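File shown: start.cif (mmCIF, C-alpha atoms and all ligand atoms; chains and numbers go by the auth columns).
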data_query
loop_
_atom_site.group_PDB
_atom_site.id
_atom_site.type_symbol
_atom_site.label_atom_id
_atom_site.label_comp_id
_atom_site.label_asym_id
_atom_site.label_seq_id
_atom_site.Cartn_x
_atom_site.Cartn_y
_atom_site.Cartn_z
_atom_site.B_iso_or_equiv
_atom_site.auth_seq_id
_atom_site.auth_asym_id
ATOM 1 C CA MET A 1 19.992 -18.055 0.166 0.00 132 A
ATOM 2 C CA LYS A 2 18.145 -17.359 -3.079 0.00 133 A
ATOM 3 C CA ILE A 3 14.594 -16.011 -2.920 0.00 134 A
ATOM 4 C CA ASN A 4 12.451 -15.745 -6.042 0.00 135 A
ATOM 5 C CA PHE A 5 9.382 -13.576 -6.216 0.00 136 A
ATOM 6 C CA ASN A 6 7.619 -11.074 -8.451 0.00 137 A
ATOM 7 C CA ILE A 7 7.888 -7.393 -7.691 0.00 138 A
ATOM 8 C CA ASN A 8 5.383 -5.099 -9.407 0.00 139 A
ATOM 9 C CA GLY A 9 4.870 -7.732 -12.083 0.00 140 A
ATOM 10 C CA THR A 10 8.531 -8.464 -12.764 0.00 141 A
ATOM 11 C CA ALA A 11 10.224 -11.732 -11.808 0.00 142 A
ATOM 12 C CA THR A 12 13.055 -11.062 -9.349 0.00 143 A
ATOM 13 C CA SER A 13 15.669 -13.219 -7.699 0.00 144 A
ATOM 14 C CA ILE A 14 17.762 -12.031 -4.798 0.00 145 A
ATOM 15 C CA ASP A 15 20.629 -13.643 -2.965 0.00 146 A
ATOM 16 C CA ILE A 16 20.493 -12.838 0.734 0.00 147 A
ATOM 17 C CA ALA A 17 22.520 -14.078 3.700 0.00 148 A
ATOM 18 C CA ASP A 18 19.748 -13.703 6.272 0.00 149 A
ATOM 19 C CA ALA A 19 16.368 -15.044 5.105 0.00 150 A
ATOM 20 C CA ASN A 20 14.752 -13.291 8.074 0.00 151 A
ATOM 21 C CA THR A 21 15.623 -9.861 6.670 0.00 152 A
ATOM 22 C CA PRO A 22 12.424 -7.793 6.580 0.00 153 A
ATOM 23 C CA LEU A 23 10.856 -7.440 3.135 0.00 154 A
ATOM 24 C CA LEU A 24 10.909 -3.655 3.678 0.00 155 A
ATOM 25 C CA TRP A 25 14.717 -3.536 3.528 0.00 156 A
ATOM 26 C CA VAL A 26 14.844 -5.773 0.462 0.00 157 A
ATOM 27 C CA VAL A 27 12.377 -3.502 -1.326 0.00 158 A
ATOM 28 C CA ARG A 28 14.073 -0.251 -0.295 0.00 159 A
ATOM 29 C CA ASP A 29 17.766 -1.123 -0.126 0.00 160 A
ATOM 30 C CA LEU A 30 18.238 -3.984 -2.594 0.00 161 A
ATOM 31 C CA LEU A 31 15.559 -3.095 -5.152 0.00 162 A
ATOM 32 C CA GLY A 32 15.753 0.688 -4.738 0.00 163 A
ATOM 33 C CA LEU A 33 11.994 1.193 -4.391 0.00 164 A
ATOM 34 C CA LYS A 34 11.864 3.989 -1.823 0.00 165 A
ATOM 35 C CA GLY A 35 8.106 4.625 -1.824 0.00 166 A
ATOM 36 C CA THR A 36 7.562 2.135 0.999 0.00 167 A
ATOM 37 C CA LYS A 37 8.501 3.862 4.266 0.00 168 A
ATOM 38 C CA PHE A 38 9.986 2.896 7.614 0.00 169 A
ATOM 39 C CA GLY A 39 8.110 4.201 10.638 0.00 170 A
ATOM 40 C CA CYS A 40 7.990 2.150 13.817 0.00 171 A
ATOM 41 C CA GLY A 41 9.587 -1.133 12.727 0.00 172 A
ATOM 42 C CA LYS A 42 7.100 -2.961 14.975 0.00 173 A
ATOM 43 C CA ALA A 43 4.088 -3.572 12.714 0.00 174 A
ATOM 44 C CA ALA A 44 2.247 -0.762 14.495 0.00 175 A
ATOM 45 C CA CYS A 45 2.161 2.349 12.255 0.00 176 A
ATOM 46 C CA GLY A 46 1.552 0.942 8.755 0.00 177 A
ATOM 47 C CA ALA A 47 4.044 3.242 6.954 0.00 178 A
ATOM 48 C CA CYS A 48 5.662 0.141 5.430 0.00 179 A
ATOM 49 C CA THR A 49 2.425 -1.382 4.064 0.00 180 A
ATOM 50 C CA LEU A 50 2.638 -3.103 0.689 0.00 181 A
ATOM 51 C CA HIS A 51 0.826 -6.046 -0.861 0.00 182 A
ATOM 52 C CA VAL A 52 1.831 -9.693 -0.890 0.00 183 A
ATOM 53 C CA ASP A 53 -0.524 -11.680 -3.085 0.00 184 A
ATOM 54 C CA ARG A 54 -2.969 -8.732 -2.898 0.00 185 A
ATOM 55 C CA GLU A 55 -3.092 -8.727 0.902 0.00 186 A
ATOM 56 C CA ALA A 56 -1.898 -5.669 2.834 0.00 187 A
ATOM 57 C CA VAL A 57 1.262 -6.614 4.715 0.00 188 A
ATOM 58 C CA ARG A 58 3.440 -4.629 7.121 0.00 189 A
ATOM 59 C CA SER A 59 6.755 -5.244 5.443 0.00 190 A
ATOM 60 C CA CYS A 60 8.933 -4.165 8.403 0.00 191 A
ATOM 61 C CA SER A 61 7.785 -7.326 10.147 0.00 192 A
ATOM 62 C CA TYR A 62 7.552 -9.745 7.217 0.00 193 A
ATOM 63 C CA ALA A 63 10.643 -11.904 6.644 0.00 194 A
ATOM 64 C CA ILE A 64 11.760 -12.060 3.017 0.00 195 A
ATOM 65 C CA LYS A 65 11.733 -15.877 3.139 0.00 196 A
ATOM 66 C CA PHE A 66 7.921 -15.786 3.210 0.00 197 A
ATOM 67 C CA ALA A 67 7.835 -13.899 -0.122 0.00 198 A
ATOM 68 C CA GLU A 68 9.188 -16.895 -2.036 0.00 199 A
ATOM 69 C CA GLY A 69 6.997 -17.479 -5.109 0.00 200 A
ATOM 70 C CA LYS A 70 4.687 -14.580 -4.263 0.00 201 A
ATOM 71 C CA GLU A 71 3.581 -11.380 -5.976 0.00 202 A
ATOM 72 C CA VAL A 72 4.749 -8.288 -4.124 0.00 203 A
ATOM 73 C CA THR A 73 3.257 -4.919 -5.070 0.00 204 A
ATOM 74 C CA THR A 74 4.594 -1.614 -3.792 0.00 205 A
ATOM 75 C CA ILE A 75 3.197 1.888 -4.252 0.00 206 A
ATOM 76 C CA GLU A 76 5.353 2.171 -7.394 0.00 207 A
ATOM 77 C CA GLY A 77 3.443 -0.759 -8.900 0.00 208 A
ATOM 78 C CA LEU A 78 -0.050 0.379 -7.917 0.00 209 A
ATOM 79 C CA GLY A 79 -0.333 2.853 -10.790 0.00 210 A
ATOM 80 C CA ASP A 80 1.552 5.717 -12.380 0.00 211 A
ATOM 81 C CA GLU A 81 0.970 9.292 -13.463 0.00 212 A
ATOM 82 C CA LYS A 82 -0.623 8.224 -16.747 0.00 213 A
ATOM 83 C CA ASN A 83 -2.676 5.398 -15.257 0.00 214 A
ATOM 84 C CA PRO A 84 -3.225 6.123 -11.588 0.00 215 A
ATOM 85 C CA HIS A 85 -4.962 3.549 -9.443 0.00 216 A
ATOM 86 C CA PRO A 86 -8.377 4.871 -8.269 0.00 217 A
ATOM 87 C CA VAL A 87 -6.875 5.289 -4.805 0.00 218 A
ATOM 88 C CA GLN A 88 -4.031 7.428 -6.158 0.00 219 A
ATOM 89 C CA GLN A 89 -6.466 9.469 -8.243 0.00 220 A
ATOM 90 C CA ALA A 90 -8.741 10.052 -5.254 0.00 221 A
ATOM 91 C CA TRP A 91 -5.754 11.040 -3.088 0.00 222 A
ATOM 92 C CA ILE A 92 -4.789 13.675 -5.671 0.00 223 A
ATOM 93 C CA GLU A 93 -8.346 14.970 -6.025 0.00 224 A
ATOM 94 C CA GLU A 94 -8.818 15.305 -2.266 0.00 225 A
ATOM 95 C CA ILE A 95 -5.291 16.737 -1.760 0.00 226 A
ATOM 96 C CA VAL A 96 -4.796 14.316 1.119 0.00 227 A
ATOM 97 C CA PRO A 97 -1.071 14.429 1.982 0.00 228 A
ATOM 98 C CA GLN A 98 0.511 16.909 4.342 0.00 229 A
ATOM 99 C CA CYS A 99 4.146 15.840 4.878 0.00 230 A
ATOM 100 C CA GLY A 100 3.347 12.737 2.817 0.00 231 A
ATOM 101 C CA TYR A 101 5.484 10.260 4.750 0.00 232 A
ATOM 102 C CA CYS A 102 2.688 7.928 5.825 0.00 233 A
ATOM 103 C CA GLN A 103 0.663 8.187 2.623 0.00 234 A
ATOM 104 C CA PRO A 104 2.012 5.277 0.513 0.00 235 A
ATOM 105 C CA GLY A 105 1.178 2.929 3.379 0.00 236 A
ATOM 106 C CA PHE A 106 -2.336 4.342 3.661 0.00 237 A
ATOM 107 C CA MET A 107 -2.893 4.071 -0.090 0.00 238 A
ATOM 108 C CA MET A 108 -1.728 0.445 -0.147 0.00 239 A
ATOM 109 C CA ALA A 109 -3.945 -0.395 2.842 0.00 240 A
ATOM 110 C CA THR A 110 -6.881 1.321 1.108 0.00 241 A
ATOM 111 C CA ALA A 111 -6.315 -0.489 -2.203 0.00 242 A
ATOM 112 C CA ALA A 112 -6.351 -3.826 -0.358 0.00 243 A
ATOM 113 C CA LEU A 113 -9.526 -2.819 1.501 0.00 244 A
ATOM 114 C CA LEU A 114 -11.327 -1.875 -1.742 0.00 245 A
ATOM 115 C CA ASP A 115 -10.314 -5.228 -3.200 0.00 246 A
ATOM 116 C CA LYS A 116 -12.302 -6.916 -0.428 0.00 247 A
ATOM 117 C CA ILE A 117 -14.989 -4.317 0.260 0.00 248 A
ATOM 118 C CA PRO A 118 -15.597 -2.237 -2.899 0.00 249 A
ATOM 119 C CA ASN A 119 -17.825 0.319 -1.157 0.00 250 A
ATOM 120 C CA PRO A 120 -16.676 0.513 2.460 0.00 251 A
ATOM 121 C CA SER A 121 -18.745 2.242 5.137 0.00 252 A
ATOM 122 C CA ASP A 122 -17.145 4.545 7.716 0.00 253 A
ATOM 123 C CA THR A 123 -17.202 1.600 10.113 0.00 254 A
ATOM 124 C CA ASP A 124 -15.362 -0.597 7.581 0.00 255 A
ATOM 125 C CA ILE A 125 -12.768 2.163 7.192 0.00 256 A
ATOM 126 C CA ASP A 126 -12.346 2.559 10.963 0.00 257 A
ATOM 127 C CA LYS A 127 -11.960 -1.185 11.378 0.00 258 A
ATOM 128 C CA ASN A 128 -9.524 -1.778 8.529 0.00 259 A
ATOM 129 C CA ILE A 129 -7.497 1.372 7.977 0.00 260 A
ATOM 130 C CA ILE A 130 -5.613 1.545 11.239 0.00 261 A
ATOM 131 C CA ASN A 131 -2.376 3.133 10.028 0.00 262 A
ATOM 132 C CA VAL A 132 -0.985 6.172 11.830 0.00 263 A
ATOM 133 C CA CYS A 133 -0.637 9.668 10.359 0.00 264 A
ATOM 134 C CA ARG A 134 1.324 12.104 12.522 0.00 265 A
ATOM 135 C CA CYS A 135 -0.084 15.009 10.478 0.00 266 A
ATOM 136 C CA ALA A 136 -3.643 13.832 11.231 0.00 267 A
ATOM 137 C CA THR A 137 -4.898 13.806 7.635 0.00 268 A
ATOM 138 C CA TYR A 138 -7.593 11.311 8.649 0.00 269 A
ATOM 139 C CA TYR A 139 -10.541 13.484 7.628 0.00 270 A
ATOM 140 C CA ARG A 140 -9.274 13.990 4.061 0.00 271 A
ATOM 141 C CA MET A 141 -8.255 10.353 3.904 0.00 272 A
ATOM 142 C CA ARG A 142 -11.758 9.183 4.732 0.00 273 A
ATOM 143 C CA LYS A 143 -13.153 11.391 1.970 0.00 274 A
ATOM 144 C CA ALA A 144 -10.543 10.039 -0.450 0.00 275 A
ATOM 145 C CA ILE A 145 -11.362 6.427 0.426 0.00 276 A
ATOM 146 C CA HIS A 146 -15.038 7.021 -0.403 0.00 277 A
ATOM 147 C CA ARG A 147 -14.009 8.868 -3.588 0.00 278 A
ATOM 148 C CA ALA A 148 -11.690 5.975 -4.592 0.00 279 A
ATOM 149 C CA ALA A 149 -14.613 3.561 -4.213 0.00 280 A
ATOM 150 C CA GLU A 150 -16.682 5.823 -6.506 0.00 281 A
ATOM 151 C CA ILE A 151 -13.909 6.038 -9.125 0.00 282 A
ATOM 152 C CA SER A 152 -13.481 2.235 -9.083 0.00 283 A
ATOM 153 C CA GLN A 153 -17.213 1.823 -9.600 0.00 284 A
ATOM 154 C CA ILE A 154 -17.236 4.300 -12.525 0.00 285 A
ATOM 155 C CA ASN A 155 -14.209 2.571 -14.114 0.00 286 A
ATOM 156 C CA THR A 156 -15.912 -0.829 -13.788 0.00 287 A
ATOM 157 C CA GLU A 157 -19.114 0.479 -15.394 0.00 288 A
ATOM 158 C CA GLU A 158 -17.180 2.153 -18.238 0.00 289 A
ATOM 159 C CA ASN A 159 -15.166 -0.980 -18.935 0.00 290 A
ATOM 160 C CA GLY A 160 -18.346 -3.063 -19.009 0.00 291 A
HETATM 161 S S1 LIG B . 7.258 0.605 9.948 0.00 301 A
HETATM 162 FE FE1 LIG B . 6.121 -1.192 9.613 0.00 301 A
HETATM 163 S S2 LIG B . 4.302 -0.888 10.746 0.00 301 A
HETATM 164 FE FE2 LIG B . 5.519 0.851 11.241 0.00 301 A
HETATM 165 S S1 LIG B . 0.881 13.159 6.074 0.00 302 A
HETATM 166 FE FE1 LIG B . 2.484 13.472 7.495 0.00 302 A
HETATM 167 S S2 LIG B . 2.497 11.639 8.684 0.00 302 A
HETATM 168 FE FE2 LIG B . 0.731 11.458 7.437 0.00 302 A
#
Represent the structure from my file as structure tokens, please.
Amino acid sequence: MKINFNINGTATSIDIADANTPLLWVVRDLLGLKGTKFGCGKAACGACTLHVDREAVRSCSYAIKFAEGKEVTTIEGLGDEKNPHPVQQAWIEEIVPQCGYCQPGFMMATAALLDKIPNPSDTDIDKNIINVCRCATYYRMRKAIHRAAEISQINTEENG
């Protein structure tokens, strides 16, 4: 079965035997984008979070057939070293990662949150960022989420 979708802004077509294959495995194994991680495989930990049409999605539990015609963004498409997304910049400034494994998922979940709530309160963060970090970097993450909101605000003001 052919599935057509955009990945990080580029039109992509894949031929896949099982249309129920999780998007995570298409992204990692067929497209070679290894930034999105496998944790629990049960939509519980958030390590596999990416965006589908700007919504945070747990890709281990999202069948590729549902991506038809959609825009998929992974951590590789969020920003790069020259033009980091405010979330990536804040994560660097606050030196958030420890082992780093869970971090792409957290950053994607945070970017989607800031899209909806540009200046989230601690309660908004607690309610929406429910990924799991085995290294318990939650304190630095919270600081980085607030910092990312600040950076976004500054960028918006500078760009008029
Ligand atoms: S691997 Fe998808 S939520 Fe844990
Ligand atoms: S930084 Fe190690 S699991 Fe989160």
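When only C-alpha atoms are used to measure the gap to His277 (chain A), the shortest distance among A:Ala242, A:Ala174, A:Cys264, A:Ala198 belongs to A:Ala242.
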Taking all atoms listed in the file into account, report as a PyMOL selection string which residues have an atom no farther than 10 Å from an atom of ligand LIG 302 (chain A).
chain A and resi 170+176+178+227-237+262-269+272
Selected residue, from A:Tyr193, A:Phe136, A:Phe169, A:Trp156, that lies nearest to ligand LIG 301 (chain A) when counting only C-alpha atoms and all ligand atoms:
A:Phe169
At a cut-off of 7 Å around ligand LIG 301 (chain A), and using only C-alpha atoms and all ligand atoms, what residues come up? Please write them as a list in words.
Lys168, Phe169, Gly170, Cys171, Gly172, Lys173, Ala174, Ala175, Cys176, Gly177, Ala178, Cys179, Thr180, Arg189, Ser190, Cys191 and Ser192 of chain A
So that I can see what lies close to Ala221 (chain A), please list as a CSV table (one decimal) with C-alpha atoms, keeping the file's coordinate frame the residues with an atom at most 8 Å from it, counting all atoms listed in the file and leaving out residues fewer than 4 positions away in the same chain.
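Dumped everything to part-v2.csv:
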chain,number,residue,atom,x,y,z
A,217,PRO,CA,-8.4,4.9,-8.3
A,225,GLU,CA,-8.8,15.3,-2.3
A,275,ALA,CA,-10.5,10.0,-0.4
A,276,ILE,CA,-11.4,6.4,0.4
A,278,ARG,CA,-14.0,8.9,-3.6
A,279,ALA,CA,-11.7,6.0,-4.6
A,282,ILE,CA,-13.9,6.0,-9.1
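Here CA of Glu202 (chain A) stands at a distance of 5.0 Å from CA of Asp184 (chain A).
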Measuring atom to atom with only C-alpha atoms, identify which of A:Ile223, A:Leu161, A:Ala187, A:Ala280 is nearest to Ile260 (chain A).
A:Ala187
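Take the candidates A:Met239, A:Glu288, A:Leu155, A:Val183 and check each one against Glu199 (chain A) using all atoms listed in the file; the shortest distance goes to A:Val183.
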Complete the atoms of region 160-171 of chain A to all heavy atoms and put them out as a PDB file, keeping the file's coordinate frame.
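Generated output (out21.pdb):
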ATOM      1  N   ASP A 160      16.307  -1.185   0.011  1.00  0.00           N
ATOM      2  CA  ASP A 160      17.766  -1.123  -0.126  1.00  0.00           C
ATOM      3  C   ASP A 160      18.303  -1.973  -1.269  1.00  0.00           C
ATOM      4  O   ASP A 160      19.276  -1.594  -1.914  1.00  0.00           O
ATOM      5  CB  ASP A 160      18.436  -1.539   1.191  1.00  0.00           C
ATOM      6  CG  ASP A 160      18.154  -0.545   2.301  1.00  0.00           C
ATOM      7  OD1 ASP A 160      17.652   0.556   1.987  1.00  0.00           O
ATOM      8  OD2 ASP A 160      18.424  -0.853   3.469  1.00  0.00           O
ATOM      9  N   LEU A 161      17.721  -3.133  -1.510  1.00  0.00           N
ATOM     10  CA  LEU A 161      18.238  -3.984  -2.594  1.00  0.00           C
ATOM     11  C   LEU A 161      17.563  -3.663  -3.924  1.00  0.00           C
ATOM     12  O   LEU A 161      18.196  -3.713  -4.964  1.00  0.00           O
ATOM     13  CB  LEU A 161      18.050  -5.471  -2.265  1.00  0.00           C
ATOM     14  CG  LEU A 161      18.788  -5.974  -1.020  1.00  0.00           C
ATOM     15  CD1 LEU A 161      18.618  -7.478  -0.859  1.00  0.00           C
ATOM     16  CD2 LEU A 161      20.270  -5.627  -1.098  1.00  0.00           C
ATOM     17  N   LEU A 162      16.269  -3.337  -3.897  1.00  0.00           N
ATOM     18  CA  LEU A 162      15.559  -3.095  -5.152  1.00  0.00           C
ATOM     19  C   LEU A 162      15.400  -1.599  -5.447  1.00  0.00           C
ATOM     20  O   LEU A 162      14.954  -1.223  -6.529  1.00  0.00           O
ATOM     21  CB  LEU A 162      14.189  -3.797  -5.138  1.00  0.00           C
ATOM     22  CG  LEU A 162      14.249  -5.317  -4.887  1.00  0.00           C
ATOM     23  CD1 LEU A 162      12.846  -5.908  -4.817  1.00  0.00           C
ATOM     24  CD2 LEU A 162      15.053  -6.012  -5.985  1.00  0.00           C
ATOM     25  N   GLY A 163      15.746  -0.755  -4.496  1.00  0.00           N
ATOM     26  CA  GLY A 163      15.753   0.688  -4.738  1.00  0.00           C
ATOM     27  C   GLY A 163      14.372   1.318  -4.856  1.00  0.00           C
ATOM     28  O   GLY A 163      14.227   2.411  -5.401  1.00  0.00           O
ATOM     29  N   LEU A 164      13.353   0.646  -4.334  1.00  0.00           N
ATOM     30  CA  LEU A 164      11.994   1.193  -4.391  1.00  0.00           C
ATOM     31  C   LEU A 164      11.728   1.911  -3.067  1.00  0.00           C
ATOM     32  O   LEU A 164      11.420   1.280  -2.050  1.00  0.00           O
ATOM     33  CB  LEU A 164      10.983   0.065  -4.624  1.00  0.00           C
ATOM     34  CG  LEU A 164      11.145  -0.657  -5.968  1.00  0.00           C
ATOM     35  CD1 LEU A 164      10.336  -1.944  -6.001  1.00  0.00           C
ATOM     36  CD2 LEU A 164      10.759   0.254  -7.125  1.00  0.00           C
ATOM     37  N   LYS A 165      11.860   3.226  -3.071  1.00  0.00           N
ATOM     38  CA  LYS A 165      11.864   3.989  -1.823  1.00  0.00           C
ATOM     39  C   LYS A 165      10.488   4.499  -1.409  1.00  0.00           C
ATOM     40  O   LYS A 165      10.358   5.225  -0.425  1.00  0.00           O
ATOM     41  CB  LYS A 165      12.817   5.187  -1.946  1.00  0.00           C
ATOM     42  CG  LYS A 165      14.227   4.822  -2.358  1.00  0.00           C
ATOM     43  CD  LYS A 165      14.983   4.150  -1.240  1.00  0.00           C
ATOM     44  CE  LYS A 165      16.456   4.020  -1.607  1.00  0.00           C
ATOM     45  NZ  LYS A 165      17.230   3.285  -0.604  1.00  0.00           N
ATOM     46  N   GLY A 166       9.447   4.148  -2.165  1.00  0.00           N
ATOM     47  CA  GLY A 166       8.106   4.625  -1.824  1.00  0.00           C
ATOM     48  C   GLY A 166       7.567   4.008  -0.542  1.00  0.00           C
ATOM     49  O   GLY A 166       6.749   4.608   0.147  1.00  0.00           O
ATOM     50  N   THR A 167       8.015   2.817  -0.223  1.00  0.00           N
ATOM     51  CA  THR A 167       7.562   2.135   0.999  1.00  0.00           C
ATOM     52  C   THR A 167       8.424   2.649   2.161  1.00  0.00           C
ATOM     53  O   THR A 167       9.644   2.606   2.084  1.00  0.00           O
ATOM     54  CB  THR A 167       7.701   0.611   0.844  1.00  0.00           C
ATOM     55  OG1 THR A 167       7.074   0.215  -0.371  1.00  0.00           O
ATOM     56  CG2 THR A 167       7.043  -0.119   1.997  1.00  0.00           C
ATOM     57  N   LYS A 168       7.774   3.126   3.214  1.00  0.00           N
ATOM     58  CA  LYS A 168       8.501   3.862   4.266  1.00  0.00           C
ATOM     59  C   LYS A 168       8.703   3.054   5.539  1.00  0.00           C
ATOM     60  O   LYS A 168       7.922   2.158   5.853  1.00  0.00           O
ATOM     61  CB  LYS A 168       7.741   5.146   4.622  1.00  0.00           C
ATOM     62  CG  LYS A 168       7.460   6.050   3.445  1.00  0.00           C
ATOM     63  CD  LYS A 168       8.728   6.519   2.773  1.00  0.00           C
ATOM     64  CE  LYS A 168       8.439   7.563   1.712  1.00  0.00           C
ATOM     65  NZ  LYS A 168       9.504   7.654   0.723  1.00  0.00           N
ATOM     66  N   PHE A 169       9.724   3.451   6.286  1.00  0.00           N
ATOM     67  CA  PHE A 169       9.986   2.896   7.614  1.00  0.00           C
ATOM     68  C   PHE A 169       9.449   3.869   8.662  1.00  0.00           C
ATOM     69  O   PHE A 169       9.776   5.059   8.630  1.00  0.00           O
ATOM     70  CB  PHE A 169      11.488   2.705   7.826  1.00  0.00           C
ATOM     71  CG  PHE A 169      11.836   2.300   9.222  1.00  0.00           C
ATOM     72  CD1 PHE A 169      11.577   1.021   9.677  1.00  0.00           C
ATOM     73  CD2 PHE A 169      12.408   3.206  10.107  1.00  0.00           C
ATOM     74  CE1 PHE A 169      11.889   0.633  10.982  1.00  0.00           C
ATOM     75  CE2 PHE A 169      12.725   2.830  11.410  1.00  0.00           C
ATOM     76  CZ  PHE A 169      12.467   1.547  11.847  1.00  0.00           C
ATOM     77  N   GLY A 170       8.607   3.357   9.562  1.00  0.00           N
ATOM     78  CA  GLY A 170       8.110   4.201  10.638  1.00  0.00           C
ATOM     79  C   GLY A 170       8.537   3.642  11.978  1.00  0.00           C
ATOM     80  O   GLY A 170       9.543   4.033  12.552  1.00  0.00           O
ATOM     81  N   CYS A 171       7.758   2.677  12.465  1.00  0.00           N
ATOM     82  CA  CYS A 171       7.990   2.150  13.817  1.00  0.00           C
ATOM     83  C   CYS A 171       8.871   0.900  13.824  1.00  0.00           C
ATOM     84  O   CYS A 171       9.546   0.618  14.813  1.00  0.00           O
ATOM     85  CB  CYS A 171       6.650   1.822  14.461  1.00  0.00           C
ATOM     86  SG  CYS A 171       5.770   0.510  13.566  1.00  0.00           S
TER      87      CYS A 171
END
